[in-house]
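Notes follow once the structure below has been shown.
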Amino acid sequence: MKVGLWRRITRTFKANSKKREREGENEGREESGYEGGSGEERREERMRGQRMMRQKMRDEIVRRVRDWLVEEGIYKDRVTDENADHHFIAEVPPSSGQLIDIIFPKSREDLVAIVSGVKLSDEHHARLMSLKAEKRDEILWKMRFDLLFLPTGFQILPSAENPQIFQFVRELYFDGLNKNLFIEAVNQVYRCKLFVIWTMQRLFGNNAASVSASAHDSMFL
């Protein structure tokens, strides 16, 4: 996954995390009734206990997620990421060369993000941009509406007017997370990638630049 795309995602995670921290601090002050003294100490002790419980749960879920990837034969690698506590790479389907990132953001203690994307081949991008604006808008609006009601979020980068990359993100909260839900989410992100690839191939042909299953192909991130 390209660094620039992941930075955009982490900025959003961090902004939401800071907002929740401020809300939590305000709630804590309201519960204690005053600042300082034994009430403040009790609040801090309670918050420390909650953080320890969340960290313990997070560590257990990280272990489970890695085990699930290994069990399904799609675990590829673990990478160092300054914005994540844990960052795994999955290859879906196995040995296909198509990679999906499994990310536990540092700024979020309560979720795992499943992230991947498709970069249009130079030929497909050029042919899409060569269409009349009305026809190009019709294609892209249909793609957006088809993706809109899926649990997986998406972005078109750098813009819908100049579509070069289709980015997909599925966020799974730890509450209720199990293997069935996790693997289905991974598979859905993969299907979103296929949707873009097959749409381009249907429109512009099944050329060599877009049919390769290699992660090094320009069609894949």
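Letters A, B, ... mark the chains of the structure tokens in the order given; residue numbers begin at 1 per chain; ligand numbers begin at 1, in order shown.
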For Ile183 of chain A, work out the shell of residues within 9 Å, counting only C-alpha atoms and skipping chain neighbours fewer than 4 positions away, then give it as a compact mmCIF listing (two decimals) with N, CA, C and O atoms, in the first residue's frame.
# COMPACT_ATOMS: atom_id res chain seq x y z
N TRP A 68 -5.86 -16.28 12.24
CA TRP A 68 -6.87 -16.48 11.20
C TRP A 68 -6.25 -16.38 9.81
O TRP A 68 -6.58 -17.16 8.92
N LEU A 69 -5.37 -15.41 9.64
CA LEU A 69 -4.70 -15.24 8.34
C LEU A 69 -3.87 -16.48 8.00
O LEU A 69 -3.87 -16.95 6.86
N GLU A 72 -6.04 -19.53 7.07
CA GLU A 72 -6.64 -19.44 5.74
C GLU A 72 -5.59 -19.46 4.63
O GLU A 72 -5.94 -19.42 3.45
N ASN A 178 -15.15 -11.76 15.09
CA ASN A 178 -14.84 -13.19 15.04
C ASN A 178 -14.25 -13.52 13.69
O ASN A 178 -14.16 -12.67 12.80
N LYS A 179 -13.84 -14.76 13.52
CA LYS A 179 -13.17 -15.16 12.28
C LYS A 179 -14.08 -15.00 11.07
O LYS A 179 -13.64 -14.53 10.01
N ASN A 187 -12.43 -10.64 2.26
CA ASN A 187 -12.89 -11.06 0.94
C ASN A 187 -13.68 -9.97 0.23
O ASN A 187 -13.63 -9.84 -1.00
N GLN A 188 -14.43 -9.17 1.01
CA GLN A 188 -15.18 -8.10 0.38
C GLN A 188 -14.26 -7.01 -0.17
O GLN A 188 -14.50 -6.47 -1.25
Note to self: At a cut-off of 8 Å, using only C-alpha atoms, what residues contact segment 113-124 of chain A? Leave out same-chain residues fewer than 2 positions from it and give the result as a VMD selection string.
What the structure shows: chain A and resid 1 99 to 105 111 126 to 128 164 to 172 185 to 186 189 to 190 193 196 to 197 200 204 209 to 210 218 to 221
Requested write-out: N, CA, C and O atoms of the selected residues, as a compact mmCIF listing (two decimals), in the first residue's frame:
# COMPACT_ATOMS: atom_id res chain seq x y z
N MET A 1 0.84 -1.19 0.00
CA MET A 1 0.00 0.00 0.00
C MET A 1 0.88 1.24 0.00
O MET A 1 1.87 1.32 0.70
N LEU A 99 -2.34 -8.00 -2.85
CA LEU A 99 -2.05 -7.79 -1.44
C LEU A 99 -3.10 -6.90 -0.77
O LEU A 99 -3.60 -5.95 -1.36
N ILE A 100 -3.39 -7.23 0.49
CA ILE A 100 -4.31 -6.45 1.32
C ILE A 100 -3.62 -6.19 2.65
O ILE A 100 -2.99 -7.09 3.23
N ASP A 101 -3.72 -4.96 3.15
CA ASP A 101 -3.09 -4.57 4.41
C ASP A 101 -4.07 -4.74 5.57
O ASP A 101 -5.23 -4.30 5.49
N ILE A 102 -3.60 -5.35 6.65
CA ILE A 102 -4.37 -5.51 7.88
C ILE A 102 -3.68 -4.65 8.93
O ILE A 102 -2.57 -4.97 9.36
N ILE A 103 -4.34 -3.58 9.36
CA ILE A 103 -3.66 -2.54 10.13
C ILE A 103 -4.36 -2.27 11.46
O ILE A 103 -5.58 -2.09 11.51
N PHE A 104 -3.56 -2.24 12.53
CA PHE A 104 -4.03 -1.82 13.85
C PHE A 104 -3.44 -0.43 14.12
O PHE A 104 -2.30 -0.32 14.58
N PRO A 105 -4.19 0.64 13.83
CA PRO A 105 -3.64 1.99 13.94
C PRO A 105 -3.29 2.36 15.38
O PRO A 105 -4.00 2.00 16.31
N LEU A 111 -10.21 -0.85 16.93
CA LEU A 111 -10.55 -1.39 15.62
C LEU A 111 -9.33 -1.89 14.87
O LEU A 111 -8.19 -1.55 15.18
N ALA A 126 -5.66 6.45 -19.40
CA ALA A 126 -5.65 7.32 -20.58
C ALA A 126 -6.94 7.16 -21.39
O ALA A 126 -7.52 8.16 -21.85
N ARG A 127 -7.40 5.93 -21.54
CA ARG A 127 -8.61 5.71 -22.33
C ARG A 127 -9.85 6.22 -21.60
O ARG A 127 -10.78 6.75 -22.23
N LEU A 128 -9.86 6.10 -20.28
CA LEU A 128 -10.98 6.64 -19.51
C LEU A 128 -11.04 8.16 -19.64
O LEU A 128 -12.11 8.75 -19.85
N GLN A 164 -7.34 7.89 -10.66
CA GLN A 164 -6.14 7.09 -10.86
C GLN A 164 -6.09 5.90 -9.90
O GLN A 164 -5.61 4.83 -10.26
N ILE A 165 -6.60 6.12 -8.69
CA ILE A 165 -6.54 5.10 -7.65
C ILE A 165 -7.91 4.96 -6.99
O ILE A 165 -8.55 5.96 -6.66
N PHE A 166 -8.35 3.72 -6.82
CA PHE A 166 -9.55 3.42 -6.05
C PHE A 166 -9.09 2.78 -4.74
O PHE A 166 -8.50 1.71 -4.74
N GLN A 167 -9.36 3.48 -3.64
CA GLN A 167 -8.90 3.06 -2.32
C GLN A 167 -10.07 2.48 -1.53
O GLN A 167 -11.16 3.06 -1.50
N PHE A 168 -9.85 1.32 -0.88
CA PHE A 168 -10.91 0.66 -0.12
C PHE A 168 -10.46 0.45 1.33
O PHE A 168 -9.34 0.00 1.57
N VAL A 169 -11.36 0.76 2.27
CA VAL A 169 -11.06 0.60 3.70
C VAL A 169 -12.27 0.00 4.40
O VAL A 169 -13.38 0.53 4.30
N ARG A 170 -12.05 -1.10 5.10
CA ARG A 170 -13.11 -1.69 5.93
C ARG A 170 -12.63 -1.65 7.38
O ARG A 170 -11.59 -2.23 7.70
N GLU A 171 -13.37 -0.98 8.23
CA GLU A 171 -13.03 -0.89 9.65
C GLU A 171 -13.88 -1.87 10.44
O GLU A 171 -15.11 -1.87 10.32
N LEU A 172 -13.23 -2.69 11.25
CA LEU A 172 -13.94 -3.66 12.08
C LEU A 172 -13.65 -3.35 13.55
O LEU A 172 -12.49 -3.35 13.97
N ALA A 185 -14.89 -9.76 5.63
CA ALA A 185 -14.49 -8.38 5.35
C ALA A 185 -13.27 -8.35 4.42
O ALA A 185 -13.20 -7.53 3.50
N VAL A 186 -12.30 -9.22 4.67
CA VAL A 186 -11.13 -9.30 3.80
C VAL A 186 -11.56 -9.66 2.38
O VAL A 186 -11.11 -9.04 1.39
N VAL A 189 -13.20 -6.69 0.56
CA VAL A 189 -12.23 -5.73 0.04
C VAL A 189 -11.63 -6.26 -1.27
O VAL A 189 -11.46 -5.51 -2.24
N TYR A 190 -11.33 -7.54 -1.29
CA TYR A 190 -10.81 -8.15 -2.52
C TYR A 190 -11.82 -8.04 -3.66
O TYR A 190 -11.47 -7.70 -4.80
N LYS A 193 -11.87 -4.65 -5.23
CA LYS A 193 -10.79 -4.49 -6.19
C LYS A 193 -11.15 -5.14 -7.53
O LYS A 193 -10.93 -4.55 -8.59
N VAL A 196 -13.48 -3.00 -9.72
CA VAL A 196 -12.83 -1.95 -10.49
C VAL A 196 -12.07 -2.54 -11.67
O VAL A 196 -12.17 -2.06 -12.81
N ILE A 197 -11.31 -3.60 -11.41
CA ILE A 197 -10.50 -4.21 -12.47
C ILE A 197 -11.38 -4.72 -13.60
O ILE A 197 -11.13 -4.46 -14.78
N MET A 200 -12.99 -1.92 -15.72
CA MET A 200 -12.05 -1.35 -16.69
C MET A 200 -11.80 -2.31 -17.85
O MET A 200 -11.72 -1.90 -19.01
N PHE A 204 -12.53 -1.40 -21.66
CA PHE A 204 -11.38 -1.07 -22.49
C PHE A 204 -10.55 -2.27 -22.94
O PHE A 204 -9.52 -2.11 -23.58
N ALA A 209 -1.65 -5.17 -19.51
CA ALA A 209 -1.35 -4.28 -18.39
C ALA A 209 -2.33 -4.45 -17.24
O ALA A 209 -2.04 -4.06 -16.13
N SER A 210 -3.51 -5.05 -17.51
CA SER A 210 -4.51 -5.10 -16.45
C SER A 210 -4.93 -6.50 -16.04
O SER A 210 -5.71 -6.65 -15.12
N SER A 218 1.05 -2.75 -12.64
CA SER A 218 0.61 -1.38 -12.39
C SER A 218 -0.87 -1.30 -12.05
O SER A 218 -1.35 -0.27 -11.61
N MET A 219 -1.60 -2.39 -12.23
CA MET A 219 -3.03 -2.37 -11.95
C MET A 219 -3.30 -2.50 -10.46
O MET A 219 -4.38 -2.19 -9.99
N PHE A 220 -2.34 -2.99 -9.69
CA PHE A 220 -2.59 -3.31 -8.29
C PHE A 220 -1.72 -2.47 -7.37
O PHE A 220 -0.60 -2.12 -7.70
N LEU A 221 -2.26 -2.22 -6.16
CA LEU A 221 -1.46 -1.62 -5.09
C LEU A 221 -0.99 -2.73 -4.17
O LEU A 221 -1.73 -3.64 -3.90
Next item on the list: Enumerate the residues of segment 7-210 of chain A with a DSSP assignment of strand (DSSP E), computed from the backbone, and present them as a PyMOL selection string.
Entry: chain A and resi 75-78+84-91+99-105+111-119+153-159+162-173
Suppose we keep C-alpha atoms; can you now write the selection as a PDB file, in the first residue's frame?
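Written file, again_9.pdb:
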ATOM      1  CA  TYR A  75      -0.707 -14.514   5.693  1.00  0.00           C
ATOM      2  CA  LYS A  76       2.158 -12.948   3.725  1.00  0.00           C
ATOM      3  CA  ASP A  77       4.278 -10.760   5.962  1.00  0.00           C
ATOM      4  CA  ARG A  78       4.509  -8.315   8.839  1.00  0.00           C
ATOM      5  CA  ALA A  84       0.446   1.298  13.392  1.00  0.00           C
ATOM      6  CA  ASP A  85       1.111  -0.966  16.358  1.00  0.00           C
ATOM      7  CA  HIS A  86       0.745  -3.968  14.059  1.00  0.00           C
ATOM      8  CA  HIS A  87       0.623  -4.146  10.266  1.00  0.00           C
ATOM      9  CA  PHE A  88       0.160  -7.476   8.480  1.00  0.00           C
ATOM     10  CA  ILE A  89       0.116  -8.180   4.753  1.00  0.00           C
ATOM     11  CA  ALA A  90      -2.363 -10.708   3.374  1.00  0.00           C
ATOM     12  CA  GLU A  91      -2.257 -12.219  -0.111  1.00  0.00           C
ATOM     13  CA  LEU A  99      -2.054  -7.788  -1.436  1.00  0.00           C
ATOM     14  CA  ILE A 100      -4.306  -6.455   1.325  1.00  0.00           C
ATOM     15  CA  ASP A 101      -3.094  -4.565   4.408  1.00  0.00           C
ATOM     16  CA  ILE A 102      -4.373  -5.510   7.877  1.00  0.00           C
ATOM     17  CA  ILE A 103      -3.656  -2.535  10.126  1.00  0.00           C
ATOM     18  CA  PHE A 104      -4.027  -1.821  13.847  1.00  0.00           C
ATOM     19  CA  PRO A 105      -3.637   1.994  13.939  1.00  0.00           C
ATOM     20  CA  LEU A 111     -10.552  -1.391  15.620  1.00  0.00           C
ATOM     21  CA  VAL A 112      -8.610  -3.120  12.874  1.00  0.00           C
ATOM     22  CA  ALA A 113      -8.548  -1.621   9.376  1.00  0.00           C
ATOM     23  CA  ILE A 114      -8.521  -3.744   6.221  1.00  0.00           C
ATOM     24  CA  VAL A 115      -7.060  -1.615   3.449  1.00  0.00           C
ATOM     25  CA  SER A 116      -6.257  -2.080  -0.213  1.00  0.00           C
ATOM     26  CA  GLY A 117      -6.659  -0.381  -3.541  1.00  0.00           C
ATOM     27  CA  VAL A 118      -6.388  -0.507  -7.290  1.00  0.00           C
ATOM     28  CA  LYS A 119      -4.229   1.765  -9.425  1.00  0.00           C
ATOM     29  CA  GLY A 153     -15.636   2.535   2.395  1.00  0.00           C
ATOM     30  CA  PHE A 154     -13.950   3.890  -0.710  1.00  0.00           C
ATOM     31  CA  GLN A 155     -12.162   6.913  -2.112  1.00  0.00           C
ATOM     32  CA  ILE A 156     -11.252   7.890  -5.653  1.00  0.00           C
ATOM     33  CA  LEU A 157      -7.862   9.584  -5.777  1.00  0.00           C
ATOM     34  CA  PRO A 158      -6.720  12.178  -6.501  1.00  0.00           C
ATOM     35  CA  SER A 159     -10.332  13.024  -7.460  1.00  0.00           C
ATOM     36  CA  ASN A 162      -9.082  12.374 -12.474  1.00  0.00           C
ATOM     37  CA  PRO A 163      -9.503   8.790 -11.216  1.00  0.00           C
ATOM     38  CA  GLN A 164      -6.141   7.085 -10.862  1.00  0.00           C
ATOM     39  CA  ILE A 165      -6.542   5.096  -7.649  1.00  0.00           C
ATOM     40  CA  PHE A 166      -9.550   3.421  -6.048  1.00  0.00           C
ATOM     41  CA  GLN A 167      -8.897   3.058  -2.316  1.00  0.00           C
ATOM     42  CA  PHE A 168     -10.913   0.664  -0.117  1.00  0.00           C
ATOM     43  CA  VAL A 169     -11.055   0.601   3.699  1.00  0.00           C
ATOM     44  CA  ARG A 170     -13.110  -1.688   5.934  1.00  0.00           C
ATOM     45  CA  GLU A 171     -13.029  -0.885   9.649  1.00  0.00           C
ATOM     46  CA  LEU A 172     -13.936  -3.663  12.082  1.00  0.00           C
ATOM     47  CA  TYR A 173     -14.524  -2.828  15.731  1.00  0.00           C
TER      48      TYR A 173
END
Next item on the list: Give the answer as one residue: which of A:Glu44, A:Glu161, A:Asp175, A:Glu184 has the shortest atom-to-atom distance to Arg58 of chain A, using only C-alpha atoms?
Entry: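 Checking each candidate against Arg58 of chain A, we get A:Asp175 as the closest.
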Item checked: Computed interatomic separation between atom CA of Leu181 of chain A and atom CA of Ser96 of chain A (Å) -> 22.3 Å
Next item on the list: Write out as a ChimeraX atom specification all residues of segment 45-212 of chain A that DSSP puts in alpha helix (DSSP H) for this structure's backbone.
Entry: /A:45-71,122-130,133-148,179-204,208-211
Write the selection just made, keeping C-alpha atoms, as a compact mmCIF listing (two decimals), in the first residue's frame?
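Ended up saving to selection.txt:
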# COMPACT_ATOMS: atom_id res chain seq x y z
CA GLU A 45 -6.91 5.15 38.49
CA ARG A 46 -10.12 4.09 36.77
CA MET A 47 -8.82 5.35 33.42
CA ARG A 48 -5.52 3.47 33.88
CA GLY A 49 -7.44 0.29 34.57
CA GLN A 50 -9.56 0.81 31.47
CA ARG A 51 -6.46 1.39 29.33
CA MET A 52 -4.88 -1.81 30.62
CA MET A 53 -8.03 -3.78 29.84
CA ARG A 54 -8.21 -2.31 26.33
CA GLN A 55 -4.55 -3.12 25.70
CA LYS A 56 -5.01 -6.70 26.89
CA MET A 57 -8.02 -7.13 24.61
CA ARG A 58 -6.14 -5.54 21.70
CA ASP A 59 -3.15 -7.88 22.13
CA GLU A 60 -5.47 -10.89 22.15
CA ILE A 61 -7.28 -9.74 18.99
CA VAL A 62 -3.97 -9.11 17.21
CA ARG A 63 -2.96 -12.68 18.00
CA ARG A 64 -6.29 -14.04 16.78
CA VAL A 65 -6.20 -12.04 13.55
CA ARG A 66 -2.74 -13.30 12.69
CA ASP A 67 -3.82 -16.86 13.46
CA TRP A 68 -6.87 -16.48 11.20
CA LEU A 69 -4.70 -15.24 8.34
CA VAL A 70 -2.32 -18.17 8.79
CA GLU A 71 -5.17 -20.70 9.02
CA ASP A 122 -1.66 3.86 -17.69
CA GLU A 123 -3.59 2.61 -20.71
CA HIS A 124 -6.90 2.28 -18.87
CA HIS A 125 -6.49 5.69 -17.25
CA ALA A 126 -5.65 7.32 -20.58
CA ARG A 127 -8.61 5.71 -22.33
CA LEU A 128 -10.98 6.64 -19.51
CA MET A 129 -9.84 10.26 -19.61
CA SER A 130 -10.16 10.33 -23.41
CA ALA A 133 -16.92 14.16 -20.04
CA GLU A 134 -20.58 13.11 -20.08
CA LYS A 135 -19.74 9.46 -20.78
CA ARG A 136 -16.90 9.39 -18.23
CA ASP A 137 -19.16 10.88 -15.55
CA GLU A 138 -21.83 8.29 -16.32
CA ILE A 139 -19.34 5.44 -15.81
CA LEU A 140 -17.89 6.85 -12.59
CA TRP A 141 -21.28 7.72 -11.09
CA LYS A 142 -22.48 4.17 -11.71
CA MET A 143 -19.35 2.77 -10.06
CA ARG A 144 -19.84 5.03 -7.03
CA PHE A 145 -23.50 4.11 -6.64
CA ASP A 146 -22.67 0.39 -6.95
CA LEU A 147 -20.09 0.73 -4.15
CA LEU A 148 -22.03 3.15 -1.97
CA LYS A 179 -13.17 -15.16 12.28
CA ASN A 180 -16.25 -15.31 10.08
CA LEU A 181 -16.74 -11.53 10.17
CA PHE A 182 -13.06 -10.81 9.66
CA ILE A 183 -12.49 -13.16 6.70
CA GLU A 184 -15.70 -11.99 5.03
CA ALA A 185 -14.49 -8.38 5.35
CA VAL A 186 -11.13 -9.30 3.80
CA ASN A 187 -12.89 -11.06 0.94
CA GLN A 188 -15.18 -8.10 0.38
CA VAL A 189 -12.23 -5.73 0.04
CA TYR A 190 -10.81 -8.15 -2.52
CA ARG A 191 -14.13 -8.20 -4.41
CA CYS A 192 -14.16 -4.39 -4.46
CA LYS A 193 -10.79 -4.49 -6.19
CA LEU A 194 -12.10 -7.02 -8.69
CA PHE A 195 -15.10 -4.79 -9.37
CA VAL A 196 -12.83 -1.95 -10.49
CA ILE A 197 -10.50 -4.21 -12.47
CA TRP A 198 -13.30 -6.02 -14.28
CA THR A 199 -15.14 -2.77 -15.00
CA MET A 200 -12.05 -1.35 -16.69
CA GLN A 201 -11.45 -4.58 -18.60
CA ARG A 202 -15.07 -4.70 -19.78
CA LEU A 203 -14.86 -1.13 -21.01
CA PHE A 204 -11.38 -1.07 -22.49
CA ALA A 208 -1.70 -7.36 -20.60
CA ALA A 209 -1.35 -4.28 -18.39
CA SER A 210 -4.51 -5.10 -16.45
CA VAL A 211 -4.87 -8.88 -16.33
